[in-house]
Structures are given as C-alpha cells and as structure tokens.
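Have a look at upload02.txt below; it lists compact mmCIF, C-alpha atoms.
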# COMPACT_ATOMS: atom_id res chain seq x y z
CA MET N 1 -12.72 -42.10 39.88
CA LYS N 2 -15.02 -39.11 40.15
CA ARG N 3 -12.12 -36.93 41.38
CA MET N 4 -9.87 -38.18 38.52
CA GLY N 5 -12.66 -37.43 36.02
CA LYS N 6 -13.06 -33.90 37.32
CA PHE N 7 -9.30 -33.33 37.15
CA TRP N 8 -9.13 -34.66 33.58
CA LEU N 9 -12.04 -32.41 32.50
CA ALA N 10 -10.44 -29.34 34.05
CA ALA N 11 -7.14 -30.10 32.33
CA VAL N 12 -8.86 -30.45 28.98
CA MET N 13 -10.62 -27.09 29.47
CA VAL N 14 -7.34 -25.35 30.31
CA CYS N 15 -5.61 -26.83 27.27
CA THR N 16 -8.52 -25.88 25.07
CA ALA N 17 -8.35 -22.29 26.33
CA ILE N 18 -4.59 -22.13 25.62
CA VAL N 19 -5.02 -23.49 22.12
CA ALA N 20 -7.90 -21.09 21.42
CA ALA N 21 -5.80 -18.15 22.55
CA ALA N 22 -2.94 -19.27 20.35
CA CYS N 23 -5.26 -19.64 17.37
CA SER N 24 -6.74 -16.23 18.06
CA GLN N 25 -3.25 -14.71 17.87
CA ASP N 26 -2.50 -16.56 14.66
CA GLU N 27 -5.72 -15.28 13.10
CA GLU N 28 -4.98 -11.59 13.80
CA PRO N 29 -5.58 -9.57 10.60
CA ALA N 30 -2.51 -9.26 8.39
CA THR N 31 -3.35 -5.64 7.69
CA GLY N 32 -1.55 -4.51 10.83
CA GLU N 33 -4.73 -3.05 12.32
CA LYS N 34 -4.78 -3.03 16.09
CA GLU N 35 -7.49 -4.92 17.98
CA ASP N 36 -10.30 -2.60 19.15
CA ALA N 37 -8.63 0.37 17.41
CA VAL N 38 -10.64 3.09 15.71
CA THR N 39 -10.11 3.23 11.94
CA LEU N 40 -10.19 6.63 10.23
CA THR N 41 -10.35 7.24 6.49
CA ILE N 42 -8.88 10.26 4.70
CA GLY N 43 -10.46 11.45 1.45
CA SER N 44 -8.34 13.43 -1.01
CA TRP N 45 -7.96 14.21 -4.71
CA ARG N 46 -4.21 13.60 -4.66
CA THR N 47 -3.71 9.96 -5.64
CA GLU N 48 -0.02 10.73 -6.23
CA ASP N 49 0.46 11.33 -2.48
CA THR N 50 -0.36 7.76 -1.42
CA GLU N 51 3.22 6.68 -0.72
CA GLY N 52 4.07 9.88 1.11
CA TYR N 53 1.10 9.56 3.45
CA LYS N 54 2.27 6.12 4.55
CA LYS N 55 5.10 7.82 6.46
CA VAL N 56 2.82 10.54 7.82
CA ILE N 57 0.33 7.94 9.05
CA GLU N 58 3.11 5.80 10.53
CA ALA N 59 4.35 8.78 12.56
CA PHE N 60 0.83 9.54 13.82
CA GLU N 61 -0.03 5.94 14.69
CA LYS N 62 3.21 5.59 16.64
CA LYS N 63 1.95 8.30 18.98
CA ASN N 64 -1.67 7.12 18.84
CA PRO N 65 -1.66 3.29 18.81
CA GLU N 66 -5.40 3.20 19.41
CA ILE N 67 -6.10 4.80 16.01
CA ASN N 68 -5.65 3.31 12.52
CA VAL N 69 -5.63 5.70 9.55
CA GLU N 70 -6.23 4.88 5.89
CA PHE N 71 -5.51 7.30 3.03
CA LYS N 72 -8.15 6.69 0.34
CA PRO N 73 -7.85 9.26 -2.47
CA SER N 74 -10.06 9.55 -5.55
CA LYS N 75 -9.19 10.64 -9.06
CA ASN N 76 -8.75 14.42 -9.19
CA THR N 77 -11.52 15.00 -11.73
CA GLU N 78 -13.98 12.77 -9.83
CA TYR N 79 -13.23 13.81 -6.25
CA ASN N 80 -15.75 16.64 -5.90
CA THR N 81 -18.64 14.55 -7.20
CA ILE N 82 -17.74 11.50 -5.08
CA LEU N 83 -17.31 13.60 -1.94
CA ASN N 84 -20.46 15.70 -2.36
CA THR N 85 -22.59 12.63 -3.09
CA ALA N 86 -21.27 10.89 0.02
CA LEU N 87 -21.75 13.92 2.28
CA THR N 88 -25.32 14.55 1.17
CA SER N 89 -26.04 10.91 2.05
CA GLY N 90 -24.66 11.42 5.55
CA GLU N 91 -21.52 9.46 4.79
CA GLY N 92 -18.03 10.23 3.45
CA PRO N 93 -14.50 9.96 4.85
CA ASP N 94 -13.78 10.88 8.46
CA ILE N 95 -11.12 13.39 7.38
CA ILE N 96 -11.74 15.48 4.28
CA HIS N 97 -9.18 17.20 2.06
CA LEU N 98 -10.85 20.54 1.35
CA ARG N 99 -10.53 22.42 -1.90
CA PRO N 100 -9.28 25.91 -0.98
CA TYR N 101 -11.51 28.87 -0.20
CA ALA N 102 -15.10 28.93 -1.57
CA PRO N 103 -15.65 25.18 -2.27
CA GLY N 104 -14.41 24.17 1.18
CA ILE N 105 -16.20 27.00 2.92
CA ALA N 106 -19.43 25.99 1.16
CA LEU N 107 -19.18 22.55 2.81
CA ALA N 108 -18.74 24.23 6.19
CA ASP N 109 -21.70 26.53 5.60
CA GLY N 110 -23.76 23.50 4.54
CA GLY N 111 -23.21 21.84 7.91
CA TYR N 112 -21.06 19.00 6.60
CA LEU N 113 -17.94 19.86 8.60
CA GLU N 114 -17.12 19.82 12.30
CA PRO N 115 -15.80 23.08 13.83
CA LEU N 116 -12.14 22.77 14.89
CA ASP N 117 -11.77 25.80 17.14
CA ASP N 118 -11.22 23.52 20.15
CA ILE N 119 -8.09 21.79 18.78
CA SER N 120 -4.58 22.89 19.73
CA GLY N 121 -2.14 24.37 17.24
CA LEU N 122 -4.34 26.65 15.13
CA ASP N 123 -2.36 29.64 16.38
CA THR N 124 0.60 28.17 14.48
CA PHE N 125 -0.84 29.52 11.22
CA THR N 126 -1.23 33.01 9.84
CA ASP N 127 -4.71 34.54 9.62
CA GLU N 128 -4.37 34.53 5.83
CA ALA N 129 -3.76 30.77 5.82
CA LEU N 130 -6.66 30.08 8.17
CA SER N 131 -9.02 32.17 6.04
CA ALA N 132 -8.94 29.51 3.32
CA SER N 133 -11.16 27.27 5.46
CA LYS N 134 -12.93 29.64 7.85
CA GLY N 135 -16.73 29.43 7.71
CA SER N 136 -19.11 32.32 7.22
CA ASP N 137 -19.92 31.95 10.94
CA GLY N 138 -16.31 32.80 11.82
CA LYS N 139 -15.48 29.29 13.02
CA GLN N 140 -12.45 27.37 11.80
CA TYR N 141 -13.27 24.24 9.81
CA GLY N 142 -9.94 23.28 8.30
CA VAL N 143 -6.24 22.95 9.13
CA PRO N 144 -4.16 24.50 6.30
CA ILE N 145 -1.75 21.98 4.82
CA ASN N 146 0.30 23.64 2.12
CA MET N 147 0.98 26.83 0.28
CA SER N 148 1.20 26.62 -3.49
CA THR N 149 2.85 28.95 -5.95
CA THR N 150 2.72 29.34 -9.69
CA GLN N 151 5.66 30.61 -11.69
CA VAL N 152 7.62 29.77 -14.82
CA PHE N 153 9.94 26.77 -14.56
CA TYR N 154 12.74 26.75 -17.10
CA ASN N 155 15.30 24.29 -18.46
CA LYS N 156 18.75 25.48 -17.39
CA LYS N 157 20.57 23.44 -20.03
CA ILE N 158 18.56 24.97 -22.87
CA PHE N 159 18.97 28.48 -21.48
CA LYS N 160 22.73 27.92 -21.25
CA GLU N 161 22.84 26.51 -24.79
CA LEU N 162 21.15 29.61 -26.19
CA LYS N 163 22.99 31.98 -23.82
CA LEU N 164 19.78 33.11 -22.12
CA GLU N 165 19.38 34.59 -18.65
CA GLU N 166 16.38 34.60 -16.32
CA PRO N 167 14.28 37.57 -17.50
CA LYS N 168 14.00 40.48 -15.06
CA THR N 169 11.66 42.65 -17.16
CA TRP N 170 8.63 41.96 -19.36
CA ASP N 171 10.57 42.90 -22.50
CA GLU N 172 13.31 40.45 -21.56
CA PHE N 173 10.67 37.75 -21.06
CA ILE N 174 9.32 38.30 -24.59
CA GLU N 175 12.86 38.33 -25.96
CA VAL N 176 13.58 34.98 -24.28
CA ASN N 177 10.46 33.49 -25.89
CA ASP N 178 11.51 34.73 -29.33
CA LYS N 179 15.04 33.33 -29.02
CA LEU N 180 13.75 29.96 -27.82
CA LYS N 181 11.36 29.75 -30.75
CA ASP N 182 14.15 30.69 -33.18
CA GLY N 183 16.33 28.04 -31.54
CA GLY N 184 13.86 25.28 -32.39
CA TYR N 185 12.28 24.84 -28.95
CA VAL N 186 8.68 25.24 -27.80
CA PRO N 187 9.02 28.34 -25.59
CA LEU N 188 5.99 27.71 -23.35
CA ALA N 189 4.64 24.23 -22.60
CA LEU N 190 1.02 25.40 -22.36
CA GLY N 191 -2.17 24.12 -23.99
CA THR N 192 -5.81 25.15 -23.87
CA LYS N 193 -7.52 21.75 -23.75
CA GLU N 194 -8.15 21.92 -19.99
CA GLY N 195 -9.80 25.09 -18.73
CA TRP N 196 -8.22 25.09 -15.27
CA LEU N 197 -4.80 25.45 -16.88
CA LEU N 198 -5.89 28.75 -18.42
CA SER N 199 -6.99 30.40 -15.18
CA LEU N 200 -3.77 29.09 -13.65
CA ALA N 201 -1.67 30.51 -16.50
CA HIS N 202 -3.51 33.83 -16.22
CA GLY N 203 -2.70 33.71 -12.50
CA ILE N 204 0.97 33.80 -13.54
CA PHE N 205 0.90 36.25 -16.46
CA GLY N 206 -2.16 38.34 -15.57
CA PRO N 207 -0.83 40.03 -12.39
CA ALA N 208 2.25 41.14 -14.36
CA VAL N 209 -0.10 43.21 -16.51
CA TYR N 210 -2.96 44.34 -14.23
CA GLY N 211 -0.75 45.25 -11.30
CA GLY N 212 -0.81 42.35 -8.86
CA ALA N 213 -2.02 42.76 -5.30
CA ASP N 214 -2.83 46.48 -5.73
CA PHE N 215 -5.39 45.69 -8.43
CA VAL N 216 -6.84 42.80 -6.40
CA ASP N 217 -7.30 45.18 -3.46
CA LYS N 218 -9.24 47.59 -5.70
CA ILE N 219 -11.35 44.70 -7.01
CA GLN N 220 -12.22 43.78 -3.43
CA LYS N 221 -13.32 47.35 -2.74
CA GLY N 222 -15.32 47.59 -5.96
CA GLU N 223 -13.08 50.36 -7.27
CA LYS N 224 -12.12 48.22 -10.28
CA ASN N 225 -13.85 45.36 -12.06
CA PHE N 226 -13.20 42.87 -14.83
CA THR N 227 -13.99 45.30 -17.61
CA SER N 228 -11.33 47.71 -16.32
CA LYS N 229 -8.65 48.35 -18.91
CA GLU N 230 -5.92 46.69 -16.81
CA PHE N 231 -7.77 43.38 -16.68
CA VAL N 232 -8.78 43.49 -20.35
CA GLN N 233 -5.13 44.10 -21.22
CA SER N 234 -4.12 41.06 -19.16
CA ILE N 235 -6.43 38.91 -21.32
CA LYS N 236 -4.98 40.42 -24.50
CA VAL N 237 -1.52 39.44 -23.30
CA MET N 238 -2.73 35.87 -22.79
CA ASP N 239 -3.93 35.90 -26.39
CA ASP N 240 -0.64 37.35 -27.64
CA LEU N 241 1.38 34.64 -25.89
CA LYS N 242 -0.26 31.84 -27.91
CA LYS N 243 2.40 32.22 -30.61
CA TYR N 244 4.82 30.70 -28.09
CA PHE N 245 2.55 27.71 -27.33
CA PRO N 246 3.06 24.28 -28.96
CA ASP N 247 1.57 23.53 -32.35
CA ASN N 248 -2.10 22.51 -32.13
CA TYR N 249 -2.22 23.86 -28.59
CA GLU N 250 -6.04 23.55 -28.55
CA GLY N 251 -5.60 19.78 -28.05
CA VAL N 252 -2.71 19.98 -25.58
CA GLY N 253 -3.49 19.04 -21.97
CA MET N 254 -1.64 18.67 -18.68
CA GLU N 255 0.12 15.38 -19.45
CA ASP N 256 1.27 16.68 -22.84
CA MET N 257 2.66 19.86 -21.29
CA ARG N 258 4.56 17.99 -18.61
CA THR N 259 5.96 15.54 -21.14
CA MET N 260 7.18 18.36 -23.41
CA PHE N 261 9.07 19.84 -20.49
CA PHE N 262 10.69 16.74 -19.02
CA THR N 263 11.66 15.45 -22.49
CA GLU N 264 13.28 18.87 -23.12
CA LYS N 265 11.21 19.74 -26.18
CA ALA N 266 9.81 22.76 -24.35
CA ALA N 267 12.08 25.18 -22.50
CA MET N 268 9.58 26.75 -20.11
CA PHE N 269 6.72 25.29 -18.09
CA PRO N 270 4.31 27.79 -16.47
CA LEU N 271 2.78 25.79 -13.64
CA GLY N 272 2.60 25.15 -9.90
CA SER N 273 5.10 24.26 -7.22
CA TRP N 274 3.50 20.82 -6.82
CA GLU N 275 5.00 19.84 -10.17
CA ILE N 276 8.57 19.88 -8.85
CA GLU N 277 8.49 16.33 -7.51
CA VAL N 278 6.35 15.06 -10.40
CA VAL N 279 8.77 16.33 -13.05
CA ARG N 280 11.77 15.00 -11.16
CA GLY N 281 10.10 11.62 -11.01
CA MET N 282 9.75 11.68 -14.79
CA ASN N 283 13.31 12.84 -15.45
CA PRO N 284 15.63 12.80 -12.41
CA ASP N 285 18.45 14.30 -14.50
CA LEU N 286 16.49 17.35 -15.62
CA ASP N 287 18.21 20.53 -14.46
CA PHE N 288 15.52 23.15 -14.00
CA GLY N 289 14.86 26.27 -12.02
CA TYR N 290 12.19 28.95 -11.88
CA PHE N 291 11.81 32.67 -12.20
CA PRO N 292 9.11 34.92 -10.74
CA MET N 293 7.06 36.70 -13.39
CA PRO N 294 8.50 40.08 -14.50
CA GLN N 295 6.00 42.93 -14.27
CA GLN N 296 4.98 44.95 -17.32
CA ASN N 297 4.76 48.12 -15.26
CA GLY N 298 8.31 47.75 -13.94
CA GLY N 299 7.36 46.43 -10.51
CA GLU N 300 9.21 43.64 -8.71
CA PRO N 301 8.88 40.16 -10.28
CA ALA N 302 6.48 37.97 -8.29
CA VAL N 303 5.22 34.43 -7.88
CA THR N 304 1.50 33.79 -7.39
CA ALA N 305 0.59 32.20 -4.04
CA TRP N 306 -2.40 30.78 -2.13
CA VAL N 307 -3.38 28.11 0.41
CA ASP N 308 -3.87 24.99 -1.69
CA GLY N 309 -5.94 22.76 0.55
CA SER N 310 -6.84 22.17 4.19
CA TYR N 311 -8.02 19.13 6.13
CA ALA N 312 -11.39 19.02 7.85
CA VAL N 313 -13.42 16.60 9.96
CA ASN N 314 -16.69 15.16 8.65
CA ALA N 315 -19.56 16.30 10.89
CA ASN N 316 -21.15 12.84 10.44
CA SER N 317 -18.00 10.90 11.34
CA LYS N 318 -18.53 8.26 14.01
CA HIS N 319 -15.02 8.97 15.27
CA LYS N 320 -14.85 12.76 15.45
CA GLU N 321 -12.57 12.93 18.47
CA ALA N 322 -10.06 10.56 16.89
CA ALA N 323 -10.25 12.53 13.63
CA LYS N 324 -9.58 15.73 15.53
CA LYS N 325 -6.45 14.15 16.98
CA PHE N 326 -5.20 13.55 13.44
CA VAL N 327 -5.85 17.08 12.16
CA GLU N 328 -4.33 18.41 15.39
CA PHE N 329 -1.20 16.40 14.50
CA MET N 330 -1.21 18.33 11.21
CA THR N 331 -0.54 21.55 13.13
CA THR N 332 2.77 20.26 14.53
CA GLU N 333 6.31 20.91 13.41
CA GLU N 334 6.83 17.15 13.12
CA PHE N 335 4.07 16.94 10.51
CA GLY N 336 5.28 20.07 8.72
CA GLU N 337 8.77 18.65 8.28
CA LEU N 338 7.45 15.26 7.18
CA PHE N 339 5.10 16.89 4.71
CA THR N 340 7.57 19.22 3.05
CA ASN N 341 10.29 16.58 2.75
CA GLU N 342 8.05 13.73 1.58
CA PHE N 343 5.95 15.74 -0.88
CA LYS N 344 8.44 18.48 -1.81
CA MET N 345 5.74 21.08 -1.15
CA ILE N 346 5.66 24.25 0.90
CA SER N 347 4.19 23.65 4.35
CA ALA N 348 1.56 26.10 5.58
CA ILE N 349 3.31 25.99 8.96
CA PRO N 350 5.59 29.05 9.10
CA GLY N 351 9.32 28.42 9.47
CA ILE N 352 9.36 24.88 8.07
CA THR N 353 12.28 24.41 5.70
CA SER N 354 12.83 21.71 3.12
CA GLU N 355 15.85 19.64 2.13
CA ASP N 356 15.04 20.83 -1.41
CA GLU N 357 16.51 24.23 -2.24
CA LEU N 358 13.99 24.91 -5.00
CA VAL N 359 11.10 24.37 -2.57
CA ASN N 360 12.84 26.54 0.03
CA SER N 361 13.34 29.33 -2.48
CA LEU N 362 9.66 29.32 -3.42
CA GLY N 363 8.67 29.31 0.25
CA LYS N 364 10.80 32.39 0.77
CA ALA N 365 9.29 34.06 -2.29
CA ILE N 366 5.81 33.73 -0.77
CA THR N 367 6.74 36.12 2.02
CA GLU N 368 8.98 38.41 -0.02
CA SER N 369 7.55 38.71 -3.55
CA SER N 370 4.15 37.17 -4.11
CA THR N 371 0.76 38.14 -5.49
CA PRO N 372 -2.58 36.45 -4.69
CA TYR N 373 -4.22 33.95 -7.05
CA MET N 374 -7.29 36.13 -7.43
CA MET N 375 -9.60 33.67 -9.19
CA VAL N 376 -9.08 30.93 -6.59
CA ILE N 377 -9.10 33.12 -3.49
CA HIS N 378 -11.93 35.51 -4.37
CA PHE N 379 -13.90 34.30 -7.39
CA ALA N 380 -14.57 30.58 -6.98
CA GLU N 381 -18.26 31.23 -6.27
CA GLY N 382 -21.36 31.50 -8.45
CA ASN N 383 -23.08 28.84 -10.53
CA PRO N 384 -21.07 28.23 -12.60
CA THR N 385 -18.30 29.89 -10.64
CA THR N 386 -16.73 33.04 -12.00
CA LYS N 387 -13.44 31.14 -12.17
CA ALA N 388 -15.05 28.42 -14.31
CA THR N 389 -16.69 31.06 -16.50
CA PHE N 390 -13.32 32.70 -17.04
CA GLU N 391 -11.80 29.37 -18.06
CA THR N 392 -14.59 28.61 -20.54
CA GLU N 393 -14.43 32.06 -22.09
CA LEU N 394 -10.63 31.90 -22.43
CA GLN N 395 -10.98 28.58 -24.24
CA GLY N 396 -13.45 30.27 -26.56
CA MET N 397 -10.96 33.08 -27.19
CA TYR N 398 -8.25 30.62 -28.18
CA LEU N 399 -10.68 28.96 -30.57
CA GLY N 400 -11.35 32.35 -32.17
CA ASP N 401 -14.92 32.58 -30.88
CA GLN N 402 -14.34 35.42 -28.39
CA THR N 403 -12.39 38.65 -28.21
CA PRO N 404 -10.55 39.63 -25.00
CA GLU N 405 -13.18 42.34 -24.44
CA GLU N 406 -15.97 39.78 -24.73
CA VAL N 407 -14.20 37.47 -22.29
CA ALA N 408 -13.92 40.32 -19.77
CA LYS N 409 -17.60 41.22 -20.20
CA LYS N 410 -18.77 37.64 -19.55
CA VAL N 411 -16.54 37.35 -16.48
CA GLN N 412 -17.88 40.62 -15.11
CA GLU N 413 -21.48 39.49 -15.65
CA SER N 414 -20.77 36.29 -13.74
CA ALA N 415 -19.11 38.08 -10.83
CA LYS N 416 -21.81 40.75 -10.64
CA SER N 417 -24.46 38.08 -10.10
CA TRP N 418 -23.07 37.28 -6.64
CA TYR N 419 -20.07 39.46 -5.74
CA GLU N 420 -21.33 42.18 -3.40
CA PRO N 421 -18.76 44.92 -4.26
CA PHE N 422 -19.96 44.78 -7.89
CA GLN N 423 -23.65 45.13 -7.02

Structure re-expressed in structure tokens:
Amino acid sequence: MKRMGKFWLAAVMVCTAIVAAACSQDEEPATGEKEDAVTLTIGSWRTEDTEGYKKVIEAFEKKNPEINVEFKPSKNTEYNTILNTALTSGEGPDIIHLRPYAPGIALADGGYLEPLDDISGLDTFTDEALSASKGSDGKQYGVPINMSTTQVFYNKKIFKELKLEEPKTWDEFIEVNDKLKDGGYVPLALGTKEGWLLSLAHGIFGPAVYGGADFVDKIQKGEKNFTSKEFVQSIKVMDDLKKYFPDNYEGVGMEDMRTMFFTEKAAMFPLGSWEIEVVRGMNPDLDFGYFPMPQQNGGEPAVTAWVDGSYAVNANSKHKEAAKKFVEFMTTEEFGELFTNEFKMISAIPGITSEDELVNSLGKAITESSTPYMMVIHFAEGNPTTKATFETELQGMYLGDQTPEEVAKKVQESAKSWYEPFQ
C-alpha cells in the first residue's frame, strides 16, 4: 500500500506540474511582450508618427527578439518640459528624440546623454548631419534621422486655372501673389499667431533677400550681423508680404493655415517637407507641388534645409546596451527605407530614395540647391534663445509695435550676449 501511495502522489505531482505549465502559457501577457525581454521606451514630440513606428519597431524586434520597444510620444508643445523634468530627476525614456542642434547638444553637455561613438554605422552620415547632435566635447550623442526642407507648396489646379507658372525670379513670385489675390484666392496660407511659424517663414523668404549661404558664412565669421542692411531688408520683405496673408492673419495658426491649403482656399503654403503626408491625409485628391524660393539678387532658387532631429540614448537608462542596438539599427539602409516610405520624409542616410516623387525631388534639392536654416542651426542658444527673440519681435512687427529696424536691433542684442563672433 505504501508503494501504491507513493506512486499515486508522484502522479499527482506530475499532473499538477503539467497543468501549472499550461496555465502559465495561458496567462502570458496579451501585449505580445516576450518573457524576460528588455523593454525600451522612445520619447518623441511627433505623436503623428505612432502608426509608422509600429512597422519600424516590428522590423527591429524581428532581428532582436530579446528586446521590446514602445514608442511613447508627447504633445509637441509639451515635449521639452516633460523631457527636461524627467531627465533632471534621473528618469526619462531610454531613447530620446533630440531637437536639432543647440537644444539637443545642451542635453549632451549637461551629461544627460550617453556617447554613441562606439556604435557601428555613424560613418554612413555626412559630417554636416552628425554636427546636429555632436557635443561640445567632440563626441557623438545622436543618430541623425531626417533632413527637413522648407519651401513654398502650391496648388497645381489653381495655378492652371489662373494660367500661372512656377516663379523663377523674385518679380515673378510677387506677380503670382498679385494674380492669385485678384483671382479671389488667399495667396499665402501664413499667419502670425504662432511665433515658430515666423522664423520658419523667414527661413524660406529671408535667404532670398540676404543672400543665402554666403551671408550665413559671413555671419559665422562676424563679418556681418543682424543689423546689416541685407538682414534688415529681409525683415522688411517679410512685412511687405503680409498683404498676401489671410484676413485677420494675427489670429491664424498652424491648423488654420493647413486647412486653408487642403480646402483650396489658399493657393500657396510656405512650410516644411513634413507636411506632405499630413496634407495628403487631409485631402488625398489635392494636386500640389513645390517650388524653391527665387532669389532677389538673381541667384539660383533654393530650398532651406537642416537636420530635423536625431535619436540619443538616456545616460540614466537601465538598458543602455539594448538602446544602443536600436539607435544602431537607425543607421542602416533597412531603417532608412522604412522611414522614408512610412513617414514620407527625407532620410538623413545618403542615397535613400522614396516611392514618393515629391519627397525624392526635395531630397535631391538638398544636395543641389539648398541654403541653411540659419536660426535653427546657429542661433537656437541664449535665454531666451535668439531664435525665440526673433519670433517674438516679428510678432510685434505684425501687430504694428515694431519696425523692421527695431526687430533687427533686438535680435542682434540677443545674439551678442552669447555668440562669440559678435563679441
């Protein structure tokens, strides 16, 4: 009987173990997370990219089954505050979407980011692209993700209706605006409610007046400054263009501008390459193209270009090696192709082409006919930044509180407080 009892007890234990294992399998989390896998979080300001990153993450996890990745963006206007608060508390996402140039470099200089010089693939990028997230110590802290451009998008149907052509000279550009206004359309979907839109718009129209990259080079050397006649004239042009803005432009913001364009009330939309997919989502039937900005001095028309974001690793991440694997994946051709086709943006990886001809054309323009976005690349420092000062002063000009000369003077004072070539 003792032997039978022992056998029965052993059988019960085996059955219990089998049932427990089966239950354990049934209770596996429905999220798809892998047992014992590391989970990484990505912080970003681009909530609109959530769906696209699902495919990017899927491709990465297929190659790295031991790592789960979650894309957790914040609202654009709240991202900086949320991120900075988390980092100063020793927390924050494992992988950080860096604002380009000064803001991202400031995080590196503050010790919040992990150096990435030991990852593979950095030699894929140009030195200019890498400079957007290179620390003051010369170390690389970010992997460049995309190049952005600003230019004037235009409605092809409206241009055809009014027998208009893409302008090749500044005078032709003004003539196009006049004919659009006479034809009952808003020529330029641009408002002054949001300051960042004004520095962006100046980044399109300003170089056409002050001379593009040549003037920026002289600014960098201290040979010119913001009270130089070329720059003052570029602000006057911004003031002159307001007659082509919508009625009550002081209260017009980003959403209003976009809506005017995709509902075909406005014929031109001076904004960035990232808007291509957004506008198409609003109106898939909208037939629109772009033209580079004609130069007042007769130079070649140009788009404005810069690195618009890199990805970094949080120095306080508990999973730094896994995070490095993800940003290393971002240096690959596989990622570049996924990125440009999912987001309809220009990859920072050279040679990546898109299925979208408009995106391809802008990518080509970066190498053939572009000018730097001076305020973002060189003047996003100071407290407040010189870029922010410029935006505030331009808003004041459009409200009638400032003259172009006064705007230029305030911008110069801001830059002189920290910009070494002006000191």

Test item: residues at most 10 Å from N:Tyr185, all atoms listed in the file, excluding those fewer than 2 positions along its chain, as a PyMOL selection string: chain N and resi 158+177-183+187-189+244+246+260+264-268

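Taking atom CA of N:Glu391 as the reference point, atom CA of N:Glu300 is found at 27.1 Å.
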
Residue among N:Thr340, N:Gln412, N:Ser273, N:Ser136 lying closest to N:Asp356, counting only C-alpha atoms: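 Going through N:Thr340, N:Gln412, N:Ser273, N:Ser136 one by one, the smallest distance to N:Asp356 is for N:Thr340.
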
Determine, counting all atoms listed in the file, which protein, DNA and RNA residues have an atom within 12 Å of an atom of stretch 209-224 of chain N; residues of the same chain fewer than 3 positions away are not included. Present the result as an mmCIF file with C-alpha atoms, in the coordinates of the input.
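around-v9.cif, freshly written:
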data_model
loop_
_atom_site.group_PDB
_atom_site.id
_atom_site.type_symbol
_atom_site.label_atom_id
_atom_site.label_comp_id
_atom_site.auth_asym_id
_atom_site.auth_seq_id
_atom_site.Cartn_x
_atom_site.Cartn_y
_atom_site.Cartn_z
ATOM 1 C CA THR N 169 11.660 42.650 -17.160
ATOM 2 C CA TRP N 170 8.630 41.960 -19.360
ATOM 3 C CA HIS N 202 -3.510 33.830 -16.220
ATOM 4 C CA GLY N 203 -2.700 33.710 -12.500
ATOM 5 C CA ILE N 204 0.970 33.800 -13.540
ATOM 6 C CA PHE N 205 0.900 36.250 -16.460
ATOM 7 C CA GLY N 206 -2.160 38.340 -15.570
ATOM 8 C CA THR N 227 -13.990 45.300 -17.610
ATOM 9 C CA SER N 228 -11.330 47.710 -16.320
ATOM 10 C CA LYS N 229 -8.650 48.350 -18.910
ATOM 11 C CA GLU N 230 -5.920 46.690 -16.810
ATOM 12 C CA PHE N 231 -7.770 43.380 -16.680
ATOM 13 C CA VAL N 232 -8.780 43.490 -20.350
ATOM 14 C CA GLN N 233 -5.130 44.100 -21.220
ATOM 15 C CA SER N 234 -4.120 41.060 -19.160
ATOM 16 C CA ILE N 235 -6.430 38.910 -21.320
ATOM 17 C CA LYS N 236 -4.980 40.420 -24.500
ATOM 18 C CA VAL N 237 -1.520 39.440 -23.300
ATOM 19 C CA MET N 238 -2.730 35.870 -22.790
ATOM 20 C CA MET N 293 7.060 36.700 -13.390
ATOM 21 C CA PRO N 294 8.500 40.080 -14.500
ATOM 22 C CA GLN N 295 6.000 42.930 -14.270
ATOM 23 C CA GLN N 296 4.980 44.950 -17.320
ATOM 24 C CA ASN N 297 4.760 48.120 -15.260
ATOM 25 C CA GLY N 298 8.310 47.750 -13.940
ATOM 26 C CA GLY N 299 7.360 46.430 -10.510
ATOM 27 C CA GLU N 300 9.210 43.640 -8.710
ATOM 28 C CA PRO N 301 8.880 40.160 -10.280
ATOM 29 C CA ALA N 302 6.480 37.970 -8.290
ATOM 30 C CA VAL N 303 5.220 34.430 -7.880
ATOM 31 C CA THR N 304 1.500 33.790 -7.390
ATOM 32 C CA ALA N 305 0.590 32.200 -4.040
ATOM 33 C CA SER N 369 7.550 38.710 -3.550
ATOM 34 C CA SER N 370 4.150 37.170 -4.110
ATOM 35 C CA THR N 371 0.760 38.140 -5.490
ATOM 36 C CA PRO N 372 -2.580 36.450 -4.690
ATOM 37 C CA TYR N 373 -4.220 33.950 -7.050
ATOM 38 C CA MET N 374 -7.290 36.130 -7.430
ATOM 39 C CA MET N 375 -9.600 33.670 -9.190
ATOM 40 C CA ILE N 377 -9.100 33.120 -3.490
ATOM 41 C CA HIS N 378 -11.930 35.510 -4.370
ATOM 42 C CA PHE N 379 -13.900 34.300 -7.390
ATOM 43 C CA GLN N 412 -17.880 40.620 -15.110
ATOM 44 C CA ALA N 415 -19.110 38.080 -10.830
ATOM 45 C CA LYS N 416 -21.810 40.750 -10.640
ATOM 46 C CA TYR N 419 -20.070 39.460 -5.740
ATOM 47 C CA GLU N 420 -21.330 42.180 -3.400
ATOM 48 C CA PRO N 421 -18.760 44.920 -4.260
ATOM 49 C CA PHE N 422 -19.960 44.780 -7.890
ATOM 50 C CA GLN N 423 -23.650 45.130 -7.020
#

Straight-line distance linking atom CA of N:Glu277 with atom CA of N:Phe291, stated in Å to one decimal: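 Computed distance, atom CA of N:Glu277 to atom CA of N:Phe291, equals 17.3 Å.
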
Around the point (-22.3, 16.5, -1.1), in the coordinates given by the file, pick out the residues reaching within 12 Å, counting all atoms listed in the file, and return them as an mmCIF file with C-alpha atoms, keeping the file's coordinate frame.
data_model
loop_
_atom_site.group_PDB
_atom_site.id
_atom_site.type_symbol
_atom_site.label_atom_id
_atom_site.label_comp_id
_atom_site.auth_asym_id
_atom_site.auth_seq_id
_atom_site.Cartn_x
_atom_site.Cartn_y
_atom_site.Cartn_z
ATOM 1 C CA TYR N 79 -13.230 13.810 -6.250
ATOM 2 C CA ASN N 80 -15.750 16.640 -5.900
ATOM 3 C CA THR N 81 -18.640 14.550 -7.200
ATOM 4 C CA ILE N 82 -17.740 11.500 -5.080
ATOM 5 C CA LEU N 83 -17.310 13.600 -1.940
ATOM 6 C CA ASN N 84 -20.460 15.700 -2.360
ATOM 7 C CA THR N 85 -22.590 12.630 -3.090
ATOM 8 C CA ALA N 86 -21.270 10.890 0.020
ATOM 9 C CA LEU N 87 -21.750 13.920 2.280
ATOM 10 C CA THR N 88 -25.320 14.550 1.170
ATOM 11 C CA SER N 89 -26.040 10.910 2.050
ATOM 12 C CA GLY N 90 -24.660 11.420 5.550
ATOM 13 C CA GLU N 91 -21.520 9.460 4.790
ATOM 14 C CA GLY N 92 -18.030 10.230 3.450
ATOM 15 C CA PRO N 93 -14.500 9.960 4.850
ATOM 16 C CA ILE N 96 -11.740 15.480 4.280
ATOM 17 C CA PRO N 103 -15.650 25.180 -2.270
ATOM 18 C CA GLY N 104 -14.410 24.170 1.180
ATOM 19 C CA ALA N 106 -19.430 25.990 1.160
ATOM 20 C CA LEU N 107 -19.180 22.550 2.810
ATOM 21 C CA ALA N 108 -18.740 24.230 6.190
ATOM 22 C CA GLY N 110 -23.760 23.500 4.540
ATOM 23 C CA GLY N 111 -23.210 21.840 7.910
ATOM 24 C CA TYR N 112 -21.060 19.000 6.600
ATOM 25 C CA LEU N 113 -17.940 19.860 8.600
ATOM 26 C CA ASN N 314 -16.690 15.160 8.650
#
